[in-house]
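One file, upload-v4.csv, is given below (CSV, C-alpha atoms and all ligand atoms).
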```
chain,number,residue,atom,x,y,z
A,1,MET,CA,-32.8,48.9,44.1
A,2,ALA,CA,-30.2,51.6,44.4
A,3,PHE,CA,-27.7,49.3,42.7
A,4,TRP,CA,-28.4,48.8,39.0
A,5,GLY,CA,-26.2,45.8,38.2
A,6,ASP,CA,-24.2,42.9,39.7
A,7,TYR,CA,-21.4,41.9,37.4
A,8,HIS,CA,-19.6,39.1,39.2
A,9,THR,CA,-21.6,36.0,39.9
A,10,HIS,CA,-21.2,32.2,39.5
A,11,THR,CA,-23.6,29.4,38.6
A,12,VAL,CA,-23.3,25.6,38.2
A,13,TYR,CA,-21.2,26.3,35.1
A,14,SER,CA,-18.2,26.7,37.5
A,15,HIS,CA,-18.3,27.0,41.3
A,16,GLY,CA,-21.9,28.1,41.9
A,17,LYS,CA,-24.9,26.2,43.2
A,18,GLY,CA,-27.8,27.6,41.1
A,19,SER,CA,-28.7,27.8,37.5
A,20,ILE,CA,-28.3,30.9,35.3
A,21,GLU,CA,-32.1,31.3,35.4
A,22,ASP,CA,-32.2,31.2,39.2
A,23,SER,CA,-29.7,34.1,39.3
A,24,VAL,CA,-31.6,36.0,36.6
A,25,LEU,CA,-34.8,35.5,38.6
A,26,LYS,CA,-33.2,36.8,41.7
A,27,ALA,CA,-31.8,39.8,39.8
A,28,ALA,CA,-35.3,40.5,38.4
A,29,LYS,CA,-36.9,40.3,41.8
A,30,LEU,CA,-34.4,42.8,43.2
A,31,GLY,CA,-34.9,45.2,40.2
A,32,LEU,CA,-31.4,44.9,38.9
A,33,ARG,CA,-31.1,46.0,35.3
A,34,GLU,CA,-28.0,44.1,34.5
A,35,LEU,CA,-26.3,40.8,35.6
A,36,GLY,CA,-22.9,39.4,34.8
A,37,ILE,CA,-22.5,35.6,34.8
A,38,THR,CA,-18.8,35.3,35.2
A,39,GLU,CA,-17.6,31.8,35.7
A,40,HIS,CA,-14.2,30.8,36.9
A,41,GLY,CA,-11.6,30.9,34.2
A,42,PHE,CA,-10.5,28.0,32.1
A,43,ASN,CA,-7.3,27.3,33.9
A,44,HIS,CA,-8.6,27.0,37.4
A,45,LEU,CA,-7.8,23.5,38.7
A,46,CYS,CA,-11.1,22.8,40.5
A,47,TYR,CA,-13.8,25.1,39.3
A,48,ASN,CA,-13.0,26.0,35.7
A,49,LEU,CA,-15.5,26.7,33.1
A,50,ARG,CA,-14.9,24.6,30.0
A,51,ARG,CA,-14.4,26.6,26.8
A,52,GLY,CA,-17.0,24.5,25.0
A,53,GLU,CA,-19.7,25.6,27.5
A,54,LEU,CA,-19.5,29.3,26.5
A,55,ALA,CA,-21.8,28.6,23.5
A,56,ARG,CA,-24.4,26.8,25.7
A,57,MET,CA,-24.3,29.7,28.2
A,58,ARG,CA,-24.9,32.1,25.4
A,59,SER,CA,-27.9,30.3,24.0
A,60,GLN,CA,-29.4,29.9,27.5
A,61,ILE,CA,-28.9,33.6,28.2
A,62,GLU,CA,-30.5,34.5,24.8
A,63,MET,CA,-33.6,32.4,25.8
A,64,LEU,CA,-33.8,34.0,29.2
A,65,ALA,CA,-33.7,37.4,27.5
A,66,GLN,CA,-37.2,36.6,26.1
A,67,LYS,CA,-38.5,35.6,29.5
A,68,TYR,CA,-36.9,38.3,31.6
A,69,PRO,CA,-36.4,41.3,29.2
A,70,GLN,CA,-36.0,43.6,32.2
A,71,VAL,CA,-32.5,42.1,33.0
A,72,LYS,CA,-29.7,42.4,30.5
A,73,VAL,CA,-27.4,39.4,31.1
A,74,TYR,CA,-23.7,39.4,30.2
A,75,VAL,CA,-21.7,36.2,29.4
A,76,GLY,CA,-18.4,36.5,31.2
A,77,VAL,CA,-15.5,34.8,33.0
A,78,GLU,CA,-13.6,35.5,36.1
A,79,ALA,CA,-10.2,34.9,34.5
A,80,ASN,CA,-7.0,34.0,36.4
A,81,ILE,CA,-3.7,35.8,36.3
A,82,LEU,CA,-1.2,33.1,35.3
A,83,SER,CA,2.2,34.8,35.7
A,84,PRO,CA,4.1,37.8,36.9
A,85,LYS,CA,4.1,39.0,33.2
A,86,GLY,CA,0.4,39.4,33.3
A,87,LYS,CA,-0.8,36.5,31.2
A,88,ILE,CA,-4.4,35.5,31.9
A,89,ASP,CA,-6.4,32.5,30.8
A,90,VAL,CA,-8.5,34.4,28.2
A,91,ARG,CA,-7.2,33.7,24.6
A,92,GLY,CA,-7.7,36.0,21.7
A,93,SER,CA,-10.2,33.5,20.3
A,94,ASP,CA,-12.3,33.6,23.5
A,95,LYS,CA,-12.8,37.4,23.4
A,96,PRO,CA,-15.6,37.5,20.8
A,97,LYS,CA,-17.5,35.0,22.9
A,98,LEU,CA,-17.3,37.2,26.1
A,99,ASP,CA,-19.3,40.2,27.0
A,100,ILE,CA,-17.4,41.0,30.1
A,101,THR,CA,-14.1,39.9,31.6
A,102,VAL,CA,-13.5,39.9,35.4
A,103,CYS,CA,-10.0,38.9,36.4
A,104,GLY,CA,-8.2,38.2,39.6
A,105,TYR,CA,-5.6,36.2,41.4
A,106,HIS,CA,-6.6,32.7,42.5
A,107,LYS,CA,-4.8,29.8,44.0
A,108,LEU,CA,-4.8,26.4,42.3
A,109,VAL,CA,-4.4,27.5,38.8
A,110,ARG,CA,-2.7,25.7,35.9
A,111,ALA,CA,0.0,27.7,34.2
A,112,PHE,CA,2.4,26.6,31.4
A,113,PRO,CA,5.2,26.7,32.1
A,114,ALA,CA,4.6,26.4,35.8
A,115,GLN,CA,5.1,29.6,37.8
A,116,PRO,CA,6.1,28.4,41.2
A,117,GLN,CA,7.9,31.7,42.1
A,118,TYR,CA,4.6,33.4,41.6
A,119,PHE,CA,2.1,31.0,43.1
A,120,PHE,CA,4.0,29.4,46.0
A,121,PRO,CA,4.8,32.5,48.1
A,122,ASN,CA,1.1,33.6,47.8
A,123,ASN,CA,-0.3,30.2,48.6
A,124,LEU,CA,1.9,30.0,51.6
A,125,GLY,CA,0.6,33.4,52.7
A,126,LEU,CA,3.9,35.3,52.4
A,127,SER,CA,3.9,39.1,52.2
A,128,GLY,CA,7.6,40.0,52.0
A,129,ALA,CA,8.9,42.9,49.8
A,130,LYS,CA,9.8,40.6,46.9
A,131,THR,CA,6.4,38.9,46.9
A,132,VAL,CA,4.6,42.2,47.1
A,133,ALA,CA,6.7,43.6,44.2
A,134,ARG,CA,6.1,40.5,42.1
A,135,ASN,CA,2.3,40.6,42.7
A,136,THR,CA,2.1,44.3,42.0
A,137,ALA,CA,4.0,43.8,38.7
A,138,ALA,CA,1.6,40.9,37.8
A,139,TYR,CA,-1.5,43.1,38.4
A,140,LEU,CA,0.0,46.0,36.4
A,141,SER,CA,1.0,43.8,33.5
A,142,ALA,CA,-2.3,42.0,33.4
A,143,LEU,CA,-4.2,45.3,33.3
A,144,GLU,CA,-2.0,46.6,30.6
A,145,LYS,CA,-2.0,43.5,28.4
A,146,ASN,CA,-5.7,42.5,28.7
A,147,GLU,CA,-9.1,44.2,28.4
A,148,ILE,CA,-10.0,43.5,32.0
A,149,ASP,CA,-13.3,45.1,32.9
A,150,ILE,CA,-13.2,44.4,36.6
A,151,LEU,CA,-10.3,43.5,38.8
A,152,SER,CA,-11.7,41.0,41.3
A,153,HIS,CA,-10.9,41.1,45.0
A,154,PRO,CA,-7.5,42.9,44.6
A,155,GLY,CA,-5.0,41.8,47.1
A,156,ASN,CA,-6.8,38.6,48.1
A,157,SER,CA,-4.3,35.9,48.7
A,158,CYS,CA,-1.9,38.1,46.8
A,159,LYS,CA,-0.3,41.0,48.8
A,160,CYS,CA,0.4,43.9,46.6
A,161,ASP,CA,0.9,47.7,46.6
A,162,VAL,CA,-2.8,48.6,46.3
A,163,ARG,CA,-2.1,52.2,45.6
A,164,GLU,CA,-0.1,51.2,42.5
A,165,VAL,CA,-2.8,48.8,41.4
A,166,ALA,CA,-5.5,51.4,41.9
A,167,ARG,CA,-3.5,53.9,39.7
A,168,ALA,CA,-3.2,51.3,37.0
A,169,CYS,CA,-7.0,50.6,37.2
A,170,LYS,CA,-7.7,54.2,36.7
A,171,TYR,CA,-5.3,54.6,33.8
A,172,PHE,CA,-6.6,51.6,31.9
A,173,GLY,CA,-10.3,52.1,32.8
A,174,THR,CA,-10.7,48.9,34.8
A,175,TYR,CA,-13.0,48.9,37.8
A,176,PHE,CA,-11.5,48.2,41.2
A,177,GLU,CA,-13.8,45.7,42.8
A,178,LEU,CA,-15.2,45.7,46.3
A,179,ASN,CA,-16.1,42.1,46.6
A,180,GLY,CA,-19.3,41.0,48.5
A,181,LYS,CA,-17.6,37.9,50.0
A,182,ARG,CA,-14.3,39.3,51.0
A,183,ILE,CA,-12.4,42.5,51.0
A,184,SER,CA,-8.8,41.7,52.0
A,185,LEU,CA,-7.7,45.3,52.3
A,186,SER,CA,-7.3,47.2,55.5
A,187,ASP,CA,-9.1,50.5,56.1
A,188,ASP,CA,-5.8,52.3,55.4
A,189,GLU,CA,-5.3,50.5,52.1
A,190,LEU,CA,-8.9,51.1,51.1
A,191,ALA,CA,-8.5,54.8,51.8
A,192,ALA,CA,-5.3,54.9,49.7
A,193,VAL,CA,-7.2,53.3,46.8
A,194,ALA,CA,-9.9,55.9,47.1
A,195,GLU,CA,-7.3,58.7,47.1
A,196,GLU,CA,-6.1,57.5,43.7
A,197,ASP,CA,-9.5,58.3,42.3
A,198,CYS,CA,-10.0,55.0,40.5
A,199,GLU,CA,-13.6,53.8,40.0
A,200,PHE,CA,-14.9,51.2,42.4
A,201,ILE,CA,-17.6,48.7,41.6
A,202,ALA,CA,-19.4,46.5,44.1
A,203,SER,CA,-20.0,42.9,43.3
A,204,SER,CA,-21.7,40.1,45.2
A,205,ASP,CA,-19.4,37.3,43.9
A,206,ALA,CA,-22.5,35.2,44.5
A,207,HIS,CA,-22.0,31.5,44.4
A,208,GLU,CA,-25.7,30.8,45.0
A,209,PRO,CA,-28.7,32.7,43.6
A,210,ARG,CA,-29.9,34.1,46.9
A,211,ARG,CA,-26.7,36.1,47.2
A,212,VAL,CA,-27.1,37.8,43.8
A,213,GLY,CA,-27.3,41.6,44.5
A,214,ASP,CA,-25.9,41.3,48.0
A,215,PHE,CA,-23.6,44.4,48.3
A,216,SER,CA,-23.7,44.7,52.1
A,217,LEU,CA,-20.0,44.2,52.7
A,218,PRO,CA,-18.8,46.7,50.2
A,219,VAL,CA,-21.3,49.3,51.4
A,220,LYS,CA,-20.4,48.7,55.1
A,221,ARG,CA,-16.7,49.1,54.3
A,222,ILE,CA,-16.8,52.2,52.3
A,223,GLU,CA,-19.4,53.9,54.5
A,224,LYS,CA,-17.1,53.3,57.5
A,225,LEU,CA,-14.4,55.3,55.7
A,226,GLY,CA,-16.8,58.1,54.6
A,227,ILE,CA,-16.4,57.3,50.9
A,228,PRO,CA,-19.7,58.2,49.1
A,229,LEU,CA,-21.7,55.4,47.5
A,230,SER,CA,-21.6,57.4,44.3
A,231,ARG,CA,-18.0,56.3,43.9
A,232,LEU,CA,-19.5,52.8,43.0
A,233,ALA,CA,-19.9,52.6,39.3
A,234,ASN,CA,-23.1,50.4,39.7
A,235,TYR,CA,-24.8,52.5,42.3
A,236,GLU,CA,-27.7,54.4,40.7
A,237,ARG,CA,-25.9,54.2,37.4
A,238,LEU,CA,-24.6,51.7,34.9
A,239,PRO,CA,-20.9,51.2,34.4
A,240,GLN,CA,-19.1,51.7,31.2
A,241,PHE,CA,-16.9,48.7,30.6
A,242,ARG,CA,-13.5,49.0,29.1
A,243,SER,CA,-13.9,46.1,26.7
A,244,ARG,CA,-17.1,47.6,25.3
A,245,LYS,CA,-15.7,51.0,24.6
A,246,GLU,CA,-14.4,52.1,21.2
A,247,ALA,CA,-10.9,52.9,22.5
A,248,LYS,CA,-8.9,49.8,22.8
A,249,HIS,CA,-6.2,48.9,25.2
A,250,THR,CA,-2.5,49.3,24.4
A,251,GLY,CA,-1.3,45.8,24.8
A,252,ASP,CA,-2.7,42.4,23.7
A,253,ASN,CA,-2.8,38.9,25.0
A,254,GLU,CA,-3.2,36.9,21.8
A,255,ASN,CA,-0.7,34.4,23.2
A,256,ALA,CA,-2.3,34.0,26.6
A,257,MET,CA,-1.5,30.4,26.6
A,258,GLY,CA,1.7,30.7,24.6
A,259,GLU,CA,5.3,30.2,25.5
A,260,GLU,CA,6.4,33.5,26.9
A,261,LEU,CA,4.9,33.7,30.4
B,301,ZN,ZN,-12.4,35.1,42.7
B,302,ZN,ZN,-15.8,35.0,41.8
```
Go ahead and express the file in the form of structure tokens.
Amino acid sequence: MAFWGDYHTHTVYSHGKGSIEDSVLKAAKLGLRELGITEHGFNHLCYNLRRGELARMRSQIEMLAQKYPQVKVYVGVEANILSPKGKIDVRGSDKPKLDITVCGYHKLVRAFPAQPQYFFPNNLGLSGAKTVARNTAAYLSALEKNEIDILSHPGNSCKCDVREVARACKYFGTYFELNGKRISLSDDELAAVAEEDCEFIASSDAHEPRRVGDFSLPVKRIEKLGIPLSRLANYERLPQFRSRKEAKHTGDNENAMGEEL
């Protein structure tokens, strides 16, 4: 397969329908070399992974590595942005247990203290200047303070200045995701992101094994704009994830669940 990895997928551990093995099997059939199992973050109200499950995921994945040595599987989460100050629901103590961190905006997320000024306008579908500025600041702060490897579905349910977000992704070495289920950006917005020269990655966001490795929507959208597939970090190459590089980010999020949100 022209794509070498799919780094954003879900299983029964959060919102998905299949087992980790079902997804690995599908990845192996497709000839993918790498697969990220990235369950919904701990503070999601409906589909959250429980912290205690990370160890069970890890041991299953280690067993599967014997059975399917051709697919390298990463233990991950799709974290939630919890506040305009960029807090996410990955604690410092979670980091050693994770191989990869995907992060994005989701509705129905628990935040302490509550952040109604952040969640309500988005959940109501508002897109006024104040909302856009707040969301853009939230993305920028989250990227600065946390080792986010992939920013999932930017702008989805969360209108923002995508050019600014793309610049920040480039600066911090986070991949800007083209999501296989939904791309909320207009062609103009997508073209603006491409102009900023950030690195794209295509993900399936599969919630069932049969969709693992389905990149048809990202491919369709970028081909329409004449953006070469080589701009995708997982197309005929393997991505270099920020959290796995020597150079560390500038900020930190040790108090992800702390007082100052
Ligand atoms: Zn998501
Ligand atoms: Zn997802």
Note to self: What's the separation between atom CA of Gln115 of chain A and atom CA of Pro154 of chain A, in Å to one decimal place?
What the structure shows: 19.5 Å
Next item on the list: For ligand ZN 301 (chain B), collect every residue having any atom at a distance of at most 9 Å from a ligand atom (counting all atoms listed in the file); output as a list of chain:residue names.
Entry: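 With all atoms listed in the file and a cut-off of 9 Å, ligand ZN 301 (chain B) is contacted by A:His8, A:His40, A:Glu78, A:Ala79, A:Asn80, A:Val102, A:Cys103, A:Gly104, A:Tyr105, A:His106, A:Ser152, A:His153, A:Asn156, A:Asn179, A:Asp205.
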Checklist line | Contacts of segment 22-24 of chain A within 9 Å, only C-alpha atoms, excl. fewer than 3 positions in-chain, as a count of residues only | finding: 20
Checklist line | For ligand ZN 302 (chain B), the nearest of the candidates A:Phe112, A:Tyr7, A:Phe120, A:Phe215, counting all atoms listed in the file | finding: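 Ranked by minimum distance to ligand ZN 302 (chain B), first place goes to A:Tyr7.
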Margin query: Residues within 7 Å of segment 97-100 of chain A, please, as number ranges by chain. Count only C-alpha atoms; anything in the same chain fewer than 6 positions from it doesn't count.
Written below: A: 74-76, 149
Margin query: Using all atoms listed in the file, can you tell me which of A:Thr131, A:Ser186, A:Ser141, A:Gln66 comes closest to Lys159 of chain A?
Written below: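 The answer is A:Thr131, which sits nearest to Lys159 of chain A.
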Item checked: Shortest interatomic distance to Ser93 of chain A - which of A:Leu54, A:Phe119, A:Lys130, A:Leu151, counting all atoms listed in the file ->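 Of A:Leu54, A:Phe119, A:Lys130, A:Leu151, the one nearest Ser93 of chain A is A:Leu54, counting all atoms listed in the file.
Atom CA of Gly128 of chain A sits 22.7 Å away from atom CA of Lys87 of chain A.
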Note to self: Could you tell me how far atom CA of Asp89 of chain A sits from atom CA of Asn43 of chain A, in Å to one decimal place?
What the structure shows: 6.1 Å
Item checked: Nearest candidate to His207 of chain A (options A:Ile88, A:Arg167, A:Arg58, A:Lys181; using only C-alpha atoms) -> A:Lys181
Next item on the list: Do a neighbour search on Ala192 of chain A at 12 Å with only C-alpha atoms, toss out local chain neighbours closer than 5 positions, and write the hits as an NGL selection string.
Entry: :A and (161-167 or 185-187 or 197-198 or 225 or 227)
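Proximity of A:Ala138, A:Val77, A:Leu238, A:Val132 to ligand ZN 302 (chain B), computed with all atoms listed in the file, is greatest for A:Val77.
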Checklist line | Nearest to ligand ZN 302 (chain B) by atom-to-atom distance, counting only C-alpha atoms and all ligand atoms, from A:Ala168, A:Ala111, A:Ala55, A:Leu178 | finding: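 So, comparing all the options, the nearest one is A:Leu178.
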